[in-house]
Amino acid sequence: MPPSFEQLSQQRCFDGTVEVYRHTSAVCNCDMRFAVFVPPQAKVGPVPVLYYLSGLTCTEENFITKAGAQRYASEQGLMLVAPDTSPRGSAVPDQEGWDFGKGAGFYVDATQSPWHTHYRMYSYVTEELPELIEKHFSVRSDRAGIFGHSMGGHGALVCGLKNPEKFCSVSALAPLPPLLNVLGAKKHLPTI
């Protein structure tokens, strides 16, 4: 069994570092991964933190490797955190297709079996992950924001608007809800 908190990689980037971690999640009942950009200002003191939620089929790698946001985050002294989009592993239930199951956690807490045991991404993003980040990184919890794209935009809206005391900013880029009827995914969505 891997340690409960383990660094998998670290690379220098715009005077900061991009790091990937794996930890045992009590909320999702499996190992979870997240990527973080730590700006150089975090060596001096706590910095604001911005949580990014990716879209369908993505992992913790997509935003951190493709967006190019580290340059701006380094200049502004902003930590970026990008969790995986869903629980993963052989014990985690899945469904064929790309719009439900692994890679498609929708940032909500499932209420029906077999999904409710692992698919608790709402609680993970709003409770467990911020607690982990505050414990291991130099962040200002009073300066946390959340944003996302597609399914992650949906997640940012749900998580951010239901928790204004935790997130002082909420942004959604092309949020998924308008597409749900087109995709036929609405019938699968767990409720919070």
# chains A, B, ... in the order shown; residues from 1 in each chain; ligands from 1
>>> residues_around(residues="segment 53-63 of chain A", least_positions_apart="2", cutoff="10 Å", atoms="only C-alpha atoms", output="short mmCIF file (atom, residue, chain, number, x, y, z; two decimals) with N, CA and C atoms, in the first residue's frame")
data_model
loop_
_atom_site.label_atom_id
_atom_site.label_comp_id
_atom_site.auth_asym_id
_atom_site.auth_seq_id
_atom_site.Cartn_x
_atom_site.Cartn_y
_atom_site.Cartn_z
N VAL A 20 3.41 16.73 -8.60
CA VAL A 20 2.26 15.82 -8.66
C VAL A 20 2.31 14.93 -7.42
N TYR A 21 1.15 14.77 -6.79
CA TYR A 21 1.05 13.99 -5.55
C TYR A 21 -0.02 12.92 -5.67
N MET A 32 -6.00 9.11 -4.63
CA MET A 32 -6.31 10.22 -5.54
C MET A 32 -5.01 10.94 -5.87
N ARG A 33 -5.02 11.62 -7.03
CA ARG A 33 -3.85 12.38 -7.47
C ARG A 33 -4.25 13.83 -7.71
N PHE A 34 -3.29 14.72 -7.53
CA PHE A 34 -3.48 16.12 -7.89
C PHE A 34 -2.14 16.71 -8.30
N ALA A 35 -2.20 17.74 -9.14
CA ALA A 35 -1.02 18.49 -9.54
C ALA A 35 -1.10 19.86 -8.90
N VAL A 36 0.06 20.43 -8.61
CA VAL A 36 0.10 21.75 -7.99
C VAL A 36 1.26 22.55 -8.57
N LEU A 50 -5.68 28.83 -6.20
CA LEU A 50 -6.76 28.71 -7.17
C LEU A 50 -6.88 27.24 -7.57
N TYR A 51 -8.07 26.68 -7.34
CA TYR A 51 -8.34 25.28 -7.68
C TYR A 51 -8.94 25.23 -9.08
N THR A 65 -0.27 20.78 -17.67
CA THR A 65 0.66 20.62 -18.80
C THR A 65 0.25 21.39 -20.05
N LYS A 66 -1.03 21.76 -20.19
CA LYS A 66 -1.48 22.38 -21.44
C LYS A 66 -1.86 23.84 -21.34
N ALA A 67 -2.25 24.34 -20.18
CA ALA A 67 -2.81 25.69 -20.09
C ALA A 67 -1.77 26.80 -20.15
N GLY A 68 -0.56 26.54 -19.67
CA GLY A 68 0.45 27.58 -19.66
C GLY A 68 0.20 28.66 -18.62
N ALA A 69 -0.56 28.37 -17.60
CA ALA A 69 -0.92 29.36 -16.59
C ALA A 69 0.19 29.60 -15.57
N LEU A 80 -1.57 27.09 -7.95
CA LEU A 80 -2.58 26.42 -8.76
C LEU A 80 -2.68 24.97 -8.32
N VAL A 81 -3.89 24.48 -8.12
CA VAL A 81 -4.11 23.09 -7.73
C VAL A 81 -5.09 22.47 -8.71
N ALA A 82 -4.72 21.32 -9.29
CA ALA A 82 -5.57 20.64 -10.27
C ALA A 82 -5.76 19.18 -9.87
N PRO A 83 -6.91 18.84 -9.27
CA PRO A 83 -7.15 17.44 -8.90
C PRO A 83 -7.56 16.61 -10.11
N ASP A 84 -7.47 15.30 -9.96
CA ASP A 84 -8.01 14.39 -10.97
C ASP A 84 -9.52 14.62 -11.02
N THR A 85 -10.16 14.19 -12.10
CA THR A 85 -11.58 14.44 -12.31
C THR A 85 -12.49 13.40 -11.66
N SER A 86 -11.92 12.31 -11.21
CA SER A 86 -12.74 11.26 -10.61
C SER A 86 -11.85 10.28 -9.85
N GLY A 97 -18.01 4.01 -21.95
CA GLY A 97 -18.32 5.34 -22.48
C GLY A 97 -17.49 6.38 -21.79
N TRP A 98 -17.51 7.57 -22.30
CA TRP A 98 -16.68 8.65 -21.80
C TRP A 98 -17.44 9.64 -20.92
N ASP A 99 -18.76 9.53 -20.85
CA ASP A 99 -19.54 10.56 -20.17
C ASP A 99 -20.03 10.16 -18.78
N PHE A 100 -19.54 9.04 -18.25
CA PHE A 100 -19.92 8.64 -16.91
C PHE A 100 -18.92 7.62 -16.40
N GLY A 101 -18.55 7.72 -15.13
CA GLY A 101 -17.59 6.78 -14.55
C GLY A 101 -16.22 7.41 -14.43
N LYS A 102 -15.18 6.58 -14.53
CA LYS A 102 -13.82 7.08 -14.38
C LYS A 102 -13.55 8.16 -15.42
N GLY A 103 -13.02 9.27 -14.94
CA GLY A 103 -12.77 10.42 -15.81
C GLY A 103 -13.97 11.33 -15.92
N ALA A 104 -15.08 10.96 -15.29
CA ALA A 104 -16.31 11.76 -15.36
C ALA A 104 -17.02 11.75 -14.01
N GLY A 105 -16.37 12.30 -13.01
CA GLY A 105 -16.94 12.32 -11.65
C GLY A 105 -17.94 13.44 -11.42
N PHE A 106 -18.02 14.40 -12.34
CA PHE A 106 -18.98 15.52 -12.31
C PHE A 106 -18.92 16.38 -11.05
N TYR A 107 -17.94 16.17 -10.18
CA TYR A 107 -17.75 17.00 -8.98
C TYR A 107 -19.00 17.06 -8.11
N VAL A 125 -13.45 17.94 -3.30
CA VAL A 125 -13.01 19.26 -3.75
C VAL A 125 -13.28 20.35 -2.70
N ILE A 146 -11.96 29.09 -7.17
CA ILE A 146 -12.18 27.83 -7.90
C ILE A 146 -12.68 28.17 -9.29
N PHE A 147 -12.17 27.43 -10.28
CA PHE A 147 -12.64 27.61 -11.65
C PHE A 147 -12.47 26.31 -12.40
N GLY A 148 -13.10 26.22 -13.56
CA GLY A 148 -12.99 25.00 -14.33
C GLY A 148 -13.57 25.15 -15.72
N HIS A 149 -13.35 24.12 -16.52
CA HIS A 149 -13.80 24.11 -17.92
C HIS A 149 -14.69 22.90 -18.15
N SER A 150 -15.77 23.09 -18.90
CA SER A 150 -16.69 22.02 -19.29
C SER A 150 -17.26 21.36 -18.03
N MET A 151 -17.04 20.06 -17.84
CA MET A 151 -17.51 19.40 -16.62
C MET A 151 -16.92 20.10 -15.40
N GLY A 152 -15.69 20.58 -15.51
CA GLY A 152 -15.05 21.31 -14.42
C GLY A 152 -15.69 22.67 -14.18
N GLY A 153 -16.22 23.29 -15.24
CA GLY A 153 -16.97 24.53 -15.07
C GLY A 153 -18.23 24.29 -14.27
N HIS A 154 -18.91 23.19 -14.58
CA HIS A 154 -20.08 22.76 -13.80
C HIS A 154 -19.67 22.56 -12.35
N GLY A 155 -18.56 21.84 -12.14
CA GLY A 155 -18.08 21.58 -10.79
C GLY A 155 -17.73 22.84 -10.04
N ALA A 156 -17.07 23.78 -10.72
CA ALA A 156 -16.70 25.04 -10.07
C ALA A 156 -17.94 25.81 -9.63
N ALA A 172 -16.43 29.86 -14.44
CA ALA A 172 -16.76 28.68 -15.24
C ALA A 172 -16.52 28.99 -16.71
N ALA A 174 -17.15 27.63 -20.31
CA ALA A 174 -17.98 26.69 -21.06
C ALA A 174 -18.50 25.56 -20.17
N PRO A 175 -19.24 25.89 -19.09
CA PRO A 175 -19.70 24.85 -18.18
C PRO A 175 -20.62 23.85 -18.87
N LEU A 176 -20.56 22.62 -18.41
CA LEU A 176 -21.25 21.50 -19.05
C LEU A 176 -22.76 21.50 -18.99
#
>>> residues_around(residues="Ala73 of chain A", least_positions_apart="4", cutoff="9 Å", atoms="only C-alpha atoms", output="VMD selection string")
chain A and resid 14 37 to 39 69 77 to 80
>>> write_last_selection(atoms="all heavy atoms", output="compact mmCIF listing (two decimals), in the first residue's frame")
# COMPACT_ATOMS: atom_id res chain seq x y z
N PHE A 14 9.04 28.36 -14.36
CA PHE A 14 8.87 29.79 -14.09
C PHE A 14 9.22 30.17 -12.65
O PHE A 14 8.43 30.80 -11.96
CB PHE A 14 7.45 30.24 -14.46
CG PHE A 14 7.18 30.16 -15.93
CD1 PHE A 14 6.38 29.16 -16.44
CD2 PHE A 14 7.73 31.08 -16.81
CE1 PHE A 14 6.13 29.07 -17.81
CE2 PHE A 14 7.49 31.01 -18.17
CZ PHE A 14 6.69 30.00 -18.67
N PHE A 37 1.00 23.82 -8.87
CA PHE A 37 2.09 24.73 -9.21
C PHE A 37 2.35 25.57 -7.96
O PHE A 37 1.45 26.24 -7.45
CB PHE A 37 1.73 25.66 -10.38
CG PHE A 37 2.78 26.73 -10.58
CD1 PHE A 37 4.01 26.41 -11.11
CD2 PHE A 37 2.54 28.04 -10.19
CE1 PHE A 37 5.00 27.38 -11.27
CE2 PHE A 37 3.51 29.02 -10.34
CZ PHE A 37 4.75 28.69 -10.89
N VAL A 38 3.57 25.48 -7.47
CA VAL A 38 3.97 26.24 -6.28
C VAL A 38 4.80 27.42 -6.75
O VAL A 38 5.90 27.24 -7.29
CB VAL A 38 4.79 25.36 -5.31
CG1 VAL A 38 5.19 26.15 -4.07
CG2 VAL A 38 4.01 24.10 -4.93
N PRO A 39 4.29 28.66 -6.60
CA PRO A 39 5.03 29.83 -7.07
C PRO A 39 6.22 30.13 -6.14
O PRO A 39 6.23 29.69 -4.98
CB PRO A 39 3.99 30.95 -7.01
CG PRO A 39 3.11 30.55 -5.88
CD PRO A 39 3.03 29.04 -5.94
N ALA A 69 -0.56 28.37 -17.60
CA ALA A 69 -0.92 29.36 -16.59
C ALA A 69 0.19 29.60 -15.57
O ALA A 69 0.14 30.58 -14.83
CB ALA A 69 -2.19 28.90 -15.86
N GLY A 77 2.23 35.34 -7.84
CA GLY A 77 2.33 34.64 -6.55
C GLY A 77 1.09 33.85 -6.22
O GLY A 77 0.56 33.91 -5.11
N LEU A 78 0.62 33.07 -7.18
CA LEU A 78 -0.63 32.33 -7.06
C LEU A 78 -0.36 30.83 -7.17
O LEU A 78 0.26 30.38 -8.14
CB LEU A 78 -1.58 32.76 -8.17
CG LEU A 78 -2.95 32.14 -8.24
CD1 LEU A 78 -3.77 32.49 -7.01
CD2 LEU A 78 -3.67 32.63 -9.50
N MET A 79 -0.80 30.06 -6.20
CA MET A 79 -0.68 28.60 -6.27
C MET A 79 -1.84 28.04 -7.07
O MET A 79 -2.98 28.48 -6.92
CB MET A 79 -0.68 27.98 -4.87
CG MET A 79 -0.39 26.48 -4.89
SD MET A 79 -0.12 25.81 -3.24
CE MET A 79 1.39 26.65 -2.78
N LEU A 80 -1.57 27.09 -7.95
CA LEU A 80 -2.58 26.42 -8.76
C LEU A 80 -2.68 24.97 -8.32
O LEU A 80 -1.65 24.30 -8.19
CB LEU A 80 -2.22 26.47 -10.24
CG LEU A 80 -2.01 27.85 -10.86
CD1 LEU A 80 -1.47 27.72 -12.28
CD2 LEU A 80 -3.32 28.63 -10.85
>>> residues_around(residues="Asp142 of chain A", least_positions_apart="6", cutoff="9 Å", atoms="only C-alpha atoms", output="list of chain:residue names")
A:Pro48, A:Glu165, A:Lys166, A:Phe167, A:Cys168
>>> closest_residue(among="A:Ala144, A:Cys28, A:Val108, A:Val44", to="Cys159 of chain A", atoms="only C-alpha atoms")
A:Val108
